[in-house]
Amino acid sequence: MSELPAKEQAFFEWYNEVLERSGITDKRYPIKGMNVWTPFGQKTSSLLDRLIRSRIEPLLYEEVNFPTLIPETEFRKEGDHIKGFDEQVYWVTHGGRTELDVKLALRPTSETAMYPMFALWVRSHKDLPLRVYQIVSVFRYETKTTRPFIRVREIHFFEGHTAHLDGPRAEEQVRADIGSFDEISRALCLPHLRVRRPDWDKFPGAHYSIAFDLPLGGSKTLQIGTVHYYRDNFARAYGIGYEDAQGNRQLPHQTTYGISERILGAVIALHGDEKGLVLPTIIAPIQVVVIPIMGKEPAEGLVEHAQGLVQALTDAGLRARLDASDERPGAKYYAWELKGVALRIEVGRKELQARTVTLVNRLGVRSTLDVDELVSGVRSALADFDQALWTRGLNALMSRLHRVAPGEKLDPEKVNVIGWCGQEKCGKDVENTAGLSLLGTLEDATHFDGLPSPVCHFCGNSSGAVWALAARPL
Ligand code: ZN
């Protein structure tokens with residue numbers, strides 16, 4: 001098969017081709033932007049859900065599952081929220097041939113489904129904090145170009161919703177959620193930037209929104225997760241109230257936390273290469289493939305030996321697969337590399353006699369391992385592989401940033417780090433002068449040791465100026 005398009009020069013051609021050839025999704029379903037989760041894609045997605053659950057449940061979130069349909073009467077209760085989603089909602093207007101008295105929205109997100117129930121569940125201060133999450137499909141009528149995982153109309157979505165006694169406790173939740181996102185993104189080897197969105201771009205109905213942005217090359221960025229603080233905006237609109245210890249009625253403060261299938265698009269986009277997918281081991285349906293090298297005359301017992309290796313790895317909880325098919329070794333390597341398998345184990349006559357195996361990881365690093373140390377050796381090779389992905393990702397992140405010195409122009413081919421005074425007028429200037437968007441202010445400057453104190457790139461004001469990002473979000 002021909003080479004994949006060069007990723008750096010033709011990103012979207014590469015992205016589409018790698019998805020199609022690896023079989024991780026099938027976009028031929030007859031609704032644009034609604035794609036089929038293939039067995040390979042579905043396994044990857046389930047592993048991602050498992051990762052998210054494992055980092056959410058220690059924060060005492062409990063899983064729920066709300067109906068997909070939301071009555072229009074509930075949907076319209078929070079004014080800003082509605083303005084933000086109105087253009088994107090799919091409406092169910094009929095039951096059979098009967099026109100419904102109240103139209104039903106296919107949830108674009110679940111605030112308006114959950115909060116009428118929160119109003120029933122929260123009565124007393126003893127009912128707080130309330131923390132629930134669900135992992136479901138949400139639906140948005142996208143008018144921009146759809147792309148698998150990155151911009152779709154049926155979105156596989158994790159959403160966490162909380163309610164707390166007051167603002168400080170809710171903001172503590174925001175910080176805990178950010179901590180859990182750091183763990184999730186570390187496991188997926190996705191170094192990213194934490195950005196507070198400007199007021200004109202925060203989540204509809206939120207008091208503030210913190211987003212996680214991943215630079216993807218050039219000035220492109222992808223939002224891979226968000227945490228929002230709502231204050232009591234939704235509690236007020238939905239009549240969620242509680243009685244405090246003194247018997248006074250109070251409004252709880254709320255937060256939400258969202259991660260969509262887009263993070264899978266980010267994994268593919270950041271790590272993939274000209275050979276295909278490169279999957280971090282935590283979400284790889286197959287972590288290790290064992291390939292017996294048959295040669296002209298296969299050594300006696302070679303396939304059984306290889307099968308034994310797979311069994312030992314599987315027994316140890318690793319996801320391993322034997323490939324003893326008739327294909328040439330080169331064709332097998334190609335096929336498993338395309339699917340992003342982290343580690344290939346080759347075993348031929350020579351290795352069989354020496355009781356060793358040859359390991360080759362997806363980044364091309366080769367090593368030899370004693371069979372007696374198979375499981376521990378493979379575990380450590382998988383950990384090294386993830387570490388290498390993280391380091392490579394971090395280097396890519398840093399190389400894509402451009403810190404704009406006072407008086408210097410913005411670089412339209414980079415993610416620009418600029419000083420900003422916080423005024424909307426100056427922020428909007430980015431869009432007019434450089435064709436970039438102001439993503440918001442940097443919340444986490446850990447990657448930027450030694451940044452001087454900023455002055456606004458546009459008005460030169462230094463009082464209260466902070467570092468902000470200007471880029472082209474996908
Ligand atoms: Zn300014």
# chains A, B, ... in the order shown; residues from 1 in each chain; ligands from 1

$ residues_around --residues "Ile418 of chain A" --least-positions-apart "6" --cutoff "8 Å" --atoms "only C-alpha atoms" --output "number ranges by chain"
A: 403-405, 454, 456-457, 467-470

$ residues_around --residues "Leu352 of chain A" --least-positions-apart "4" --cutoff "8 Å" --atoms "only C-alpha atoms" --output "list of chain:residue names"
A:Leu302, A:His305, A:Val347, A:Gly348, A:Thr356, A:Val357

$ residues_near_ligand --ligand "ligand 1" --cutoff "10 Å" --atoms "only C-alpha atoms and all ligand atoms" --output "list in words"
Gly419, Trp420, Cys421, Gly422, Gln423, Glu424, Lys425, Cys426, Gly427, Asp429, Val455, Cys456, His457, Phe458, Cys459, Gly460, Asn461, Ser462, Ser463, Gly464 and Ala465 of chain A

$ write_last_selection --atoms "N, CA and C atoms" --output "tab-separated table (two decimals), in the first residue's frame"
chain	number	residue	atom	x	y	z
A	419	GLY	N	1.39	39.09	25.93
A	419	GLY	CA	0.87	39.83	27.07
A	419	GLY	C	-0.50	40.40	26.71
A	420	TRP	N	-1.41	40.38	27.71
A	420	TRP	CA	-2.78	40.89	27.44
A	420	TRP	C	-3.31	41.55	28.70
A	421	CYS	N	-3.88	42.75	28.50
A	421	CYS	CA	-4.36	43.52	29.65
A	421	CYS	C	-5.72	43.04	30.15
A	422	GLY	N	-6.37	42.17	29.40
A	422	GLY	CA	-7.66	41.66	29.83
A	422	GLY	C	-8.84	42.36	29.17
A	423	GLN	N	-8.58	43.46	28.45
A	423	GLN	CA	-9.70	44.16	27.79
A	423	GLN	C	-10.13	43.43	26.53
A	424	GLU	N	-11.43	43.38	26.35
A	424	GLU	CA	-11.97	42.68	25.18
A	424	GLU	C	-11.46	43.30	23.88
A	425	LYS	N	-11.37	44.63	23.86
A	425	LYS	CA	-10.95	45.33	22.64
A	425	LYS	C	-9.56	44.85	22.21
A	426	CYS	N	-8.63	44.75	23.17
A	426	CYS	CA	-7.27	44.30	22.84
A	426	CYS	C	-7.29	42.83	22.42
A	427	GLY	N	-8.09	42.04	23.12
A	427	GLY	CA	-8.18	40.62	22.77
A	427	GLY	C	-8.69	40.42	21.35
A	429	ASP	N	-8.33	42.39	18.95
A	429	ASP	CA	-7.33	42.85	17.99
A	429	ASP	C	-6.53	41.69	17.41
A	455	VAL	N	3.49	42.91	29.36
A	455	VAL	CA	2.75	44.14	29.05
A	455	VAL	C	1.80	43.79	27.91
A	456	CYS	N	0.67	44.48	27.84
A	456	CYS	CA	-0.30	44.15	26.80
A	456	CYS	C	0.30	44.37	25.42
A	457	HIS	N	0.18	43.37	24.58
A	457	HIS	CA	0.75	43.43	23.24
A	457	HIS	C	0.12	44.56	22.43
A	458	PHE	N	-1.10	44.95	22.77
A	458	PHE	CA	-1.84	45.88	21.93
A	458	PHE	C	-1.82	47.31	22.46
A	459	CYS	N	-2.06	47.48	23.76
A	459	CYS	CA	-2.13	48.84	24.29
A	459	CYS	C	-0.90	49.20	25.13
A	460	GLY	N	-0.03	48.22	25.37
A	460	GLY	CA	1.20	48.50	26.10
A	460	GLY	C	1.03	48.65	27.60
A	461	ASN	N	-0.22	48.44	28.06
A	461	ASN	CA	-0.50	48.57	29.49
A	461	ASN	C	0.11	47.40	30.26
A	462	SER	N	0.76	47.72	31.38
A	462	SER	CA	1.38	46.62	32.14
A	462	SER	C	0.58	46.25	33.38
A	463	SER	N	-0.28	47.20	33.85
A	463	SER	CA	-0.97	46.89	35.11
A	463	SER	C	-2.00	45.79	34.89
A	464	GLY	N	-1.83	44.71	35.60
A	464	GLY	CA	-2.79	43.61	35.52
A	464	GLY	C	-2.66	42.76	34.27
A	465	ALA	N	-1.65	43.04	33.43
A	465	ALA	CA	-1.51	42.23	32.20
A	465	ALA	C	-1.04	40.82	32.55

$ closest_atom_pairs --of "segment 71-149 of chain A" --to "segment 50-65 of chain A" --cutoff "7 Å" --atoms "only C-alpha atoms" --output "Markdown table"
| residue | atom | partner | partner_atom | distance |
| --- | --- | --- | --- | --- |
| A:Arg131 | CA | A:Tyr61 | CA | 4.7 |
| A:Val132 | CA | A:Glu62 | CA | 4.7 |
| A:Tyr133 | CA | A:Glu63 | CA | 4.9 |
| A:Gln134 | CA | A:Val64 | CA | 5.4 |

$ closest_residue --among "A:Leu382, A:Met117, A:Ala10, A:Leu100" --to "Leu130 of chain A" --atoms "only C-alpha atoms"
A:Met117

$ atom_distance --atom1 "atom CA of Tyr208 of chain A" --atom2 "atom CA of Pro116 of chain A"
22.2 Å

$ select_by_dssp --residues "segment 343-386 of chain A" --states "alpha helix (DSSP H)" --output "PDB file with N, CA, C and O atoms, in the first residue's frame"
ATOM      1  N   ARG A 349      14.228 -18.865  15.141  1.00  0.00           N
ATOM      2  CA  ARG A 349      15.045 -20.020  15.527  1.00  0.00           C
ATOM      3  C   ARG A 349      16.138 -19.626  16.527  1.00  0.00           C
ATOM      4  O   ARG A 349      16.324 -20.279  17.559  1.00  0.00           O
ATOM      5  N   LYS A 350      16.832 -18.536  16.195  1.00  0.00           N
ATOM      6  CA  LYS A 350      17.964 -18.097  17.016  1.00  0.00           C
ATOM      7  C   LYS A 350      17.499 -17.766  18.440  1.00  0.00           C
ATOM      8  O   LYS A 350      18.078 -18.222  19.430  1.00  0.00           O
ATOM      9  N   GLU A 351      16.409 -16.982  18.539  1.00  0.00           N
ATOM     10  CA  GLU A 351      15.892 -16.581  19.852  1.00  0.00           C
ATOM     11  C   GLU A 351      15.372 -17.790  20.633  1.00  0.00           C
ATOM     12  O   GLU A 351      15.548 -17.880  21.839  1.00  0.00           O
ATOM     13  N   LEU A 352      14.737 -18.690  19.894  1.00  0.00           N
ATOM     14  CA  LEU A 352      14.190 -19.888  20.547  1.00  0.00           C
ATOM     15  C   LEU A 352      15.308 -20.661  21.254  1.00  0.00           C
ATOM     16  O   LEU A 352      15.169 -21.067  22.410  1.00  0.00           O
ATOM     17  N   GLN A 353      16.436 -20.849  20.514  1.00  0.00           N
ATOM     18  CA  GLN A 353      17.562 -21.594  21.096  1.00  0.00           C
ATOM     19  C   GLN A 353      18.204 -20.834  22.251  1.00  0.00           C
ATOM     20  O   GLN A 353      18.594 -21.431  23.251  1.00  0.00           O
ATOM     21  N   ALA A 354      18.310 -19.523  22.102  1.00  0.00           N
ATOM     22  CA  ALA A 354      18.983 -18.722  23.145  1.00  0.00           C
ATOM     23  C   ALA A 354      18.048 -18.374  24.306  1.00  0.00           C
ATOM     24  O   ALA A 354      18.467 -17.757  25.275  1.00  0.00           O
ATOM     25  N   LEU A 374      10.340 -12.230  30.840  1.00  0.00           N
ATOM     26  CA  LEU A 374       9.400 -11.714  29.834  1.00  0.00           C
ATOM     27  C   LEU A 374       8.443 -10.658  30.402  1.00  0.00           C
ATOM     28  O   LEU A 374       8.385  -9.536  29.908  1.00  0.00           O
ATOM     29  N   VAL A 375       7.701 -11.031  31.442  1.00  0.00           N
ATOM     30  CA  VAL A 375       6.630 -10.141  31.904  1.00  0.00           C
ATOM     31  C   VAL A 375       7.191  -8.834  32.460  1.00  0.00           C
ATOM     32  O   VAL A 375       6.758  -7.743  32.061  1.00  0.00           O
ATOM     33  N   SER A 376       8.197  -8.948  33.326  1.00  0.00           N
ATOM     34  CA  SER A 376       8.745  -7.705  33.894  1.00  0.00           C
ATOM     35  C   SER A 376       9.427  -6.876  32.809  1.00  0.00           C
ATOM     36  O   SER A 376       9.311  -5.641  32.804  1.00  0.00           O
ATOM     37  N   GLY A 377      10.107  -7.537  31.893  1.00  0.00           N
ATOM     38  CA  GLY A 377      10.790  -6.824  30.806  1.00  0.00           C
ATOM     39  C   GLY A 377       9.805  -6.110  29.893  1.00  0.00           C
ATOM     40  O   GLY A 377      10.034  -4.968  29.478  1.00  0.00           O
ATOM     41  N   VAL A 378       8.693  -6.777  29.590  1.00  0.00           N
ATOM     42  CA  VAL A 378       7.685  -6.161  28.714  1.00  0.00           C
ATOM     43  C   VAL A 378       7.018  -4.989  29.436  1.00  0.00           C
ATOM     44  O   VAL A 378       6.814  -3.919  28.856  1.00  0.00           O
ATOM     45  N   ARG A 379       6.690  -5.185  30.698  1.00  0.00           N
ATOM     46  CA  ARG A 379       6.096  -4.078  31.462  1.00  0.00           C
ATOM     47  C   ARG A 379       6.997  -2.852  31.431  1.00  0.00           C
ATOM     48  O   ARG A 379       6.535  -1.726  31.238  1.00  0.00           O
ATOM     49  N   SER A 380       8.296  -3.088  31.649  1.00  0.00           N
ATOM     50  CA  SER A 380       9.181  -1.924  31.703  1.00  0.00           C
ATOM     51  C   SER A 380       9.361  -1.320  30.306  1.00  0.00           C
ATOM     52  O   SER A 380       9.455  -0.092  30.172  1.00  0.00           O
ATOM     53  N   ALA A 381       9.336  -2.153  29.253  1.00  0.00           N
ATOM     54  CA  ALA A 381       9.424  -1.603  27.889  1.00  0.00           C
ATOM     55  C   ALA A 381       8.183  -0.761  27.558  1.00  0.00           C
ATOM     56  O   ALA A 381       8.280   0.275  26.891  1.00  0.00           O
ATOM     57  N   LEU A 382       7.013  -1.189  28.061  1.00  0.00           N
ATOM     58  CA  LEU A 382       5.787  -0.413  27.813  1.00  0.00           C
ATOM     59  C   LEU A 382       5.836   0.930  28.561  1.00  0.00           C
ATOM     60  O   LEU A 382       5.452   1.963  28.019  1.00  0.00           O
ATOM     61  N   ALA A 383       6.361   0.881  29.780  1.00  0.00           N
ATOM     62  CA  ALA A 383       6.483   2.132  30.553  1.00  0.00           C
ATOM     63  C   ALA A 383       7.477   3.080  29.867  1.00  0.00           C
ATOM     64  O   ALA A 383       7.227   4.295  29.779  1.00  0.00           O
ATOM     65  N   ASP A 384       8.576   2.534  29.356  1.00  0.00           N
ATOM     66  CA  ASP A 384       9.565   3.365  28.642  1.00  0.00           C
ATOM     67  C   ASP A 384       8.937   3.990  27.396  1.00  0.00           C
ATOM     68  O   ASP A 384       9.211   5.146  27.051  1.00  0.00           O
ATOM     69  N   PHE A 385       8.103   3.207  26.733  1.00  0.00           N
ATOM     70  CA  PHE A 385       7.455   3.689  25.513  1.00  0.00           C
ATOM     71  C   PHE A 385       6.543   4.882  25.836  1.00  0.00           C
ATOM     72  O   PHE A 385       6.598   5.926  25.180  1.00  0.00           O
ATOM     73  N   ASP A 386       5.716   4.740  26.879  1.00  0.00           N
ATOM     74  CA  ASP A 386       4.838   5.849  27.275  1.00  0.00           C
ATOM     75  C   ASP A 386       5.656   7.089  27.658  1.00  0.00           C
ATOM     76  O   ASP A 386       5.306   8.212  27.308  1.00  0.00           O
TER      77      ASP A 386
END

$ closest_atom_pairs --of "segment 118-184 of chain A" --to "segment 229-240 of chain A" --cutoff "8 Å" --atoms "only C-alpha atoms" --output "JSON lines"
{"residue": "A:Phe118", "atom": "CA", "partner": "A:Ile240", "partner_atom": "CA", "distance": 6.4}
{"residue": "A:Ala119", "atom": "CA", "partner": "A:Ile240", "partner_atom": "CA", "distance": 4.1}
{"residue": "A:Leu120", "atom": "CA", "partner": "A:Ile240", "partner_atom": "CA", "distance": 7.6}
{"residue": "A:Val122", "atom": "CA", "partner": "A:Ile240", "partner_atom": "CA", "distance": 6.8}
{"residue": "A:Gly167", "atom": "CA", "partner": "A:Arg231", "partner_atom": "CA", "distance": 6.4}
{"residue": "A:Ala170", "atom": "CA", "partner": "A:Tyr229", "partner_atom": "CA", "distance": 7.3}
{"residue": "A:Glu171", "atom": "CA", "partner": "A:Tyr229", "partner_atom": "CA", "distance": 7.0}
{"residue": "A:Val174", "atom": "CA", "partner": "A:Tyr229", "partner_atom": "CA", "distance": 7.0}

$ write_last_selection --atoms "N, CA and C atoms" --output "CSV table (one decimal), in the first residue's frame"
chain,number,residue,atom,x,y,z
A,118,PHE,N,-31.9,17.7,40.2
A,118,PHE,CA,-31.1,18.2,41.4
A,118,PHE,C,-32.0,19.0,42.3
A,119,ALA,N,-32.9,19.7,41.8
A,119,ALA,CA,-33.8,20.6,42.6
A,119,ALA,C,-34.6,19.7,43.5
A,120,LEU,N,-34.9,18.4,43.1
A,120,LEU,CA,-35.6,17.5,43.9
A,120,LEU,C,-34.7,16.8,44.9
A,122,VAL,N,-31.7,17.8,46.1
A,122,VAL,CA,-31.0,18.7,47.1
A,122,VAL,C,-32.0,19.4,48.0
A,167,GLY,N,-19.3,28.9,47.2
A,167,GLY,CA,-18.3,29.2,46.1
A,167,GLY,C,-16.9,28.5,46.4
A,170,ALA,N,-16.9,24.9,45.9
A,170,ALA,CA,-17.1,24.6,44.4
A,170,ALA,C,-15.7,24.8,43.7
A,171,GLU,N,-15.0,25.8,44.1
A,171,GLU,CA,-13.7,26.1,43.4
A,171,GLU,C,-12.7,25.1,43.8
A,174,VAL,N,-13.2,22.5,41.4
A,174,VAL,CA,-12.6,22.8,40.1
A,174,VAL,C,-11.1,22.4,40.1

$ residues_around --residues "segment 215-227 of chain A" --least-positions-apart "3" --cutoff "8 Å" --atoms "only C-alpha atoms" --output "PyMOL selection string"
chain A and resi 8+174+177-178+181+192+209-212+255-260+262-263+266+269-270+397+400+412-416+471-474

$ atom_distance --atom1 "atom CA of Arg344 of chain A" --atom2 "atom CA of Val360 of chain A"
5.2 Å

$ atom_distance --atom1 "atom CA of Ile135 of chain A" --atom2 "atom CA of Ser185 of chain A"
17.6 Å

$ closest_residue --among "A:Leu69, A:Leu279, A:Val102, A:Ile345" --to "Thr368 of chain A" --atoms "only C-alpha atoms"
A:Ile345

$ closest_residue --among "A:Val288, A:Met114, A:Leu343, A:Leu359" --to "Gln311 of chain A" --atoms "only C-alpha atoms"
A:Val288

$ residues_around --residues "Glu304 of chain A" --least-positions-apart "4" --cutoff "10 Å" --atoms "only C-alpha atoms" --output "JSON, numbers by chain"
{"A": [292, 300, 308, 309, 310, 324]}

$ write_last_selection --atoms "all heavy atoms" --output "PDB file, in the first residue's frame"
ATOM      1  N   PRO A 292       6.055 -14.962  15.501  1.00  0.00           N
ATOM      2  CA  PRO A 292       7.074 -15.981  15.261  1.00  0.00           C
ATOM      3  C   PRO A 292       7.641 -15.813  13.847  1.00  0.00           C
ATOM      4  O   PRO A 292       6.872 -15.684  12.895  1.00  0.00           O
ATOM      5  CB  PRO A 292       6.297 -17.299  15.397  1.00  0.00           C
ATOM      6  CG  PRO A 292       4.856 -16.951  15.270  1.00  0.00           C
ATOM      7  CD  PRO A 292       4.681 -15.492  15.478  1.00  0.00           C
ATOM      8  N   GLU A 300      11.162 -26.173  15.083  1.00  0.00           N
ATOM      9  CA  GLU A 300      10.144 -27.018  15.710  1.00  0.00           C
ATOM     10  C   GLU A 300       9.670 -26.387  17.024  1.00  0.00           C
ATOM     11  O   GLU A 300      10.485 -25.911  17.812  1.00  0.00           O
ATOM     12  CB  GLU A 300      10.732 -28.399  15.994  1.00  0.00           C
ATOM     13  CG  GLU A 300       9.654 -29.452  16.090  1.00  0.00           C
ATOM     14  CD  GLU A 300      10.246 -30.800  16.489  1.00  0.00           C
ATOM     15  OE1 GLU A 300      11.322 -31.133  15.966  1.00  0.00           O
ATOM     16  OE2 GLU A 300       9.638 -31.472  17.331  1.00  0.00           O
ATOM     17  N   GLY A 308       2.873 -19.576  23.917  1.00  0.00           N
ATOM     18  CA  GLY A 308       3.162 -19.584  25.360  1.00  0.00           C
ATOM     19  C   GLY A 308       3.529 -18.189  25.872  1.00  0.00           C
ATOM     20  O   GLY A 308       3.133 -17.798  26.972  1.00  0.00           O
ATOM     21  N   LEU A 309       4.269 -17.444  25.061  1.00  0.00           N
ATOM     22  CA  LEU A 309       4.637 -16.074  25.459  1.00  0.00           C
ATOM     23  C   LEU A 309       3.385 -15.205  25.587  1.00  0.00           C
ATOM     24  O   LEU A 309       3.224 -14.456  26.556  1.00  0.00           O
ATOM     25  CB  LEU A 309       5.584 -15.448  24.427  1.00  0.00           C
ATOM     26  CG  LEU A 309       6.935 -16.149  24.179  1.00  0.00           C
ATOM     27  CD1 LEU A 309       7.711 -15.426  23.078  1.00  0.00           C
ATOM     28  CD2 LEU A 309       7.768 -16.217  25.449  1.00  0.00           C
ATOM     29  N   VAL A 310       2.489 -15.334  24.591  1.00  0.00           N
ATOM     30  CA  VAL A 310       1.248 -14.559  24.616  1.00  0.00           C
ATOM     31  C   VAL A 310       0.443 -14.909  25.864  1.00  0.00           C
ATOM     32  O   VAL A 310      -0.092 -14.033  26.559  1.00  0.00           O
ATOM     33  CB  VAL A 310       0.415 -14.802  23.334  1.00  0.00           C
ATOM     34  CG1 VAL A 310      -0.975 -14.204  23.459  1.00  0.00           C
ATOM     35  CG2 VAL A 310       1.132 -14.229  22.117  1.00  0.00           C
ATOM     36  N   ALA A 324       0.466 -15.510  13.928  1.00  0.00           N
ATOM     37  CA  ALA A 324       1.160 -16.646  13.293  1.00  0.00           C
ATOM     38  C   ALA A 324       0.604 -16.879  11.891  1.00  0.00           C
ATOM     39  O   ALA A 324       0.663 -17.980  11.362  1.00  0.00           O
ATOM     40  CB  ALA A 324       1.002 -17.894  14.162  1.00  0.00           C
TER      41      ALA A 324
END

$ select_by_dssp --residues "segment 325-434 of chain A" --states "strand (DSSP E or B)" --output "list in words"
Leu343, Arg344, Ile345, Glu346, Val347, Thr356, Val357, Thr358, Leu359, Val360, Asn361, Arg366, Ser367, Thr368, Leu369, Asp370, Leu401, His402, Arg403, Val415, Asn416, Val417, Ile418, Gly419 and Trp420 of chain A

$ decode --residues "segment 19-27 of chain A" --atoms "all heavy atoms" --output "PDB file, in the first residue's frame"
ATOM      1  N   LEU A  19      -7.052   7.281   9.835  1.00  0.00           N
ATOM      2  CA  LEU A  19      -8.273   6.751  10.458  1.00  0.00           C
ATOM      3  C   LEU A  19      -8.868   5.654   9.587  1.00  0.00           C
ATOM      4  O   LEU A  19      -9.269   4.589  10.082  1.00  0.00           O
ATOM      5  CB  LEU A  19      -9.316   7.855  10.634  1.00  0.00           C
ATOM      6  CG  LEU A  19      -8.974   8.991  11.588  1.00  0.00           C
ATOM      7  CD1 LEU A  19     -10.127   9.973  11.650  1.00  0.00           C
ATOM      8  CD2 LEU A  19      -8.666   8.469  12.975  1.00  0.00           C
ATOM      9  N   GLU A  20      -8.898   5.917   8.294  1.00  0.00           N
ATOM     10  CA  GLU A  20      -9.523   4.965   7.394  1.00  0.00           C
ATOM     11  C   GLU A  20      -8.720   3.663   7.319  1.00  0.00           C
ATOM     12  O   GLU A  20      -9.263   2.578   7.453  1.00  0.00           O
ATOM     13  CB  GLU A  20      -9.646   5.599   6.010  1.00  0.00           C
ATOM     14  CG  GLU A  20     -10.492   4.764   5.086  1.00  0.00           C
ATOM     15  CD  GLU A  20     -10.700   5.457   3.744  1.00  0.00           C
ATOM     16  OE1 GLU A  20     -10.834   6.699   3.726  1.00  0.00           O
ATOM     17  OE2 GLU A  20     -10.705   4.735   2.741  1.00  0.00           O
ATOM     18  N   ARG A  21      -7.407   3.813   7.152  1.00  0.00           N
ATOM     19  CA  ARG A  21      -6.591   2.600   6.979  1.00  0.00           C
ATOM     20  C   ARG A  21      -6.487   1.773   8.254  1.00  0.00           C
ATOM     21  O   ARG A  21      -6.426   0.559   8.212  1.00  0.00           O
ATOM     22  CB  ARG A  21      -5.181   2.990   6.535  1.00  0.00           C
ATOM     23  CG  ARG A  21      -5.149   3.504   5.128  1.00  0.00           C
ATOM     24  CD  ARG A  21      -3.722   3.481   4.638  1.00  0.00           C
ATOM     25  NE  ARG A  21      -3.552   4.354   3.488  1.00  0.00           N
ATOM     26  CZ  ARG A  21      -2.389   4.542   2.896  1.00  0.00           C
ATOM     27  NH1 ARG A  21      -1.302   3.942   3.354  1.00  0.00           N
ATOM     28  NH2 ARG A  21      -2.308   5.346   1.857  1.00  0.00           N
ATOM     29  N   SER A  22      -6.447   2.452   9.404  1.00  0.00           N
ATOM     30  CA  SER A  22      -6.304   1.690  10.654  1.00  0.00           C
ATOM     31  C   SER A  22      -7.627   1.059  11.068  1.00  0.00           C
ATOM     32  O   SER A  22      -7.657   0.137  11.870  1.00  0.00           O
ATOM     33  CB  SER A  22      -5.806   2.606  11.766  1.00  0.00           C
ATOM     34  OG  SER A  22      -6.787   3.586  12.062  1.00  0.00           O
ATOM     35  N   GLY A  23      -8.746   1.558  10.535  1.00  0.00           N
ATOM     36  CA  GLY A  23     -10.058   0.987  10.851  1.00  0.00           C
ATOM     37  C   GLY A  23     -10.560   1.364  12.235  1.00  0.00           C
ATOM     38  O   GLY A  23     -11.407   0.681  12.809  1.00  0.00           O
ATOM     39  N   ILE A  24     -10.096   2.476  12.797  1.00  0.00           N
ATOM     40  CA  ILE A  24     -10.524   2.847  14.151  1.00  0.00           C
ATOM     41  C   ILE A  24     -11.918   3.479  14.151  1.00  0.00           C
ATOM     42  O   ILE A  24     -12.585   3.537  15.186  1.00  0.00           O
ATOM     43  CB  ILE A  24      -9.466   3.752  14.827  1.00  0.00           C
ATOM     44  CG1 ILE A  24      -9.680   3.789  16.338  1.00  0.00           C
ATOM     45  CG2 ILE A  24      -9.409   5.146  14.208  1.00  0.00           C
ATOM     46  CD1 ILE A  24      -8.531   4.339  17.134  1.00  0.00           C
ATOM     47  N   THR A  25     -12.367   3.954  12.985  1.00  0.00           N
ATOM     48  CA  THR A  25     -13.735   4.454  12.870  1.00  0.00           C
ATOM     49  C   THR A  25     -14.193   4.245  11.431  1.00  0.00           C
ATOM     50  O   THR A  25     -13.362   4.059  10.538  1.00  0.00           O
ATOM     51  CB  THR A  25     -13.816   5.958  13.235  1.00  0.00           C
ATOM     52  OG1 THR A  25     -15.180   6.377  13.221  1.00  0.00           O
ATOM     53  CG2 THR A  25     -13.030   6.836  12.274  1.00  0.00           C
ATOM     54  N   ASP A  26     -15.506   4.256  11.226  1.00  0.00           N
ATOM     55  CA  ASP A  26     -16.010   4.184   9.854  1.00  0.00           C
ATOM     56  C   ASP A  26     -16.958   5.352   9.656  1.00  0.00           C
ATOM     57  O   ASP A  26     -18.010   5.431  10.293  1.00  0.00           O
ATOM     58  CB  ASP A  26     -16.714   2.848   9.600  1.00  0.00           C
ATOM     59  CG  ASP A  26     -16.904   2.607   8.107  1.00  0.00           C
ATOM     60  OD1 ASP A  26     -17.035   3.607   7.356  1.00  0.00           O
ATOM     61  OD2 ASP A  26     -16.926   1.439   7.686  1.00  0.00           O
ATOM     62  N   LYS A  27     -16.549   6.273   8.781  1.00  0.00           N
ATOM     63  CA  LYS A  27     -17.350   7.488   8.627  1.00  0.00           C
ATOM     64  C   LYS A  27     -18.304   7.399   7.442  1.00  0.00           C
ATOM     65  O   LYS A  27     -18.850   8.418   7.015  1.00  0.00           O
ATOM     66  CB  LYS A  27     -16.452   8.721   8.544  1.00  0.00           C
ATOM     67  CG  LYS A  27     -15.478   8.711   7.405  1.00  0.00           C
ATOM     68  CD  LYS A  27     -14.749  10.040   7.344  1.00  0.00           C
ATOM     69  CE  LYS A  27     -13.880  10.051   6.095  1.00  0.00           C
ATOM     70  NZ  LYS A  27     -13.259  11.303   5.817  1.00  0.00           N
TER      71      LYS A  27
END
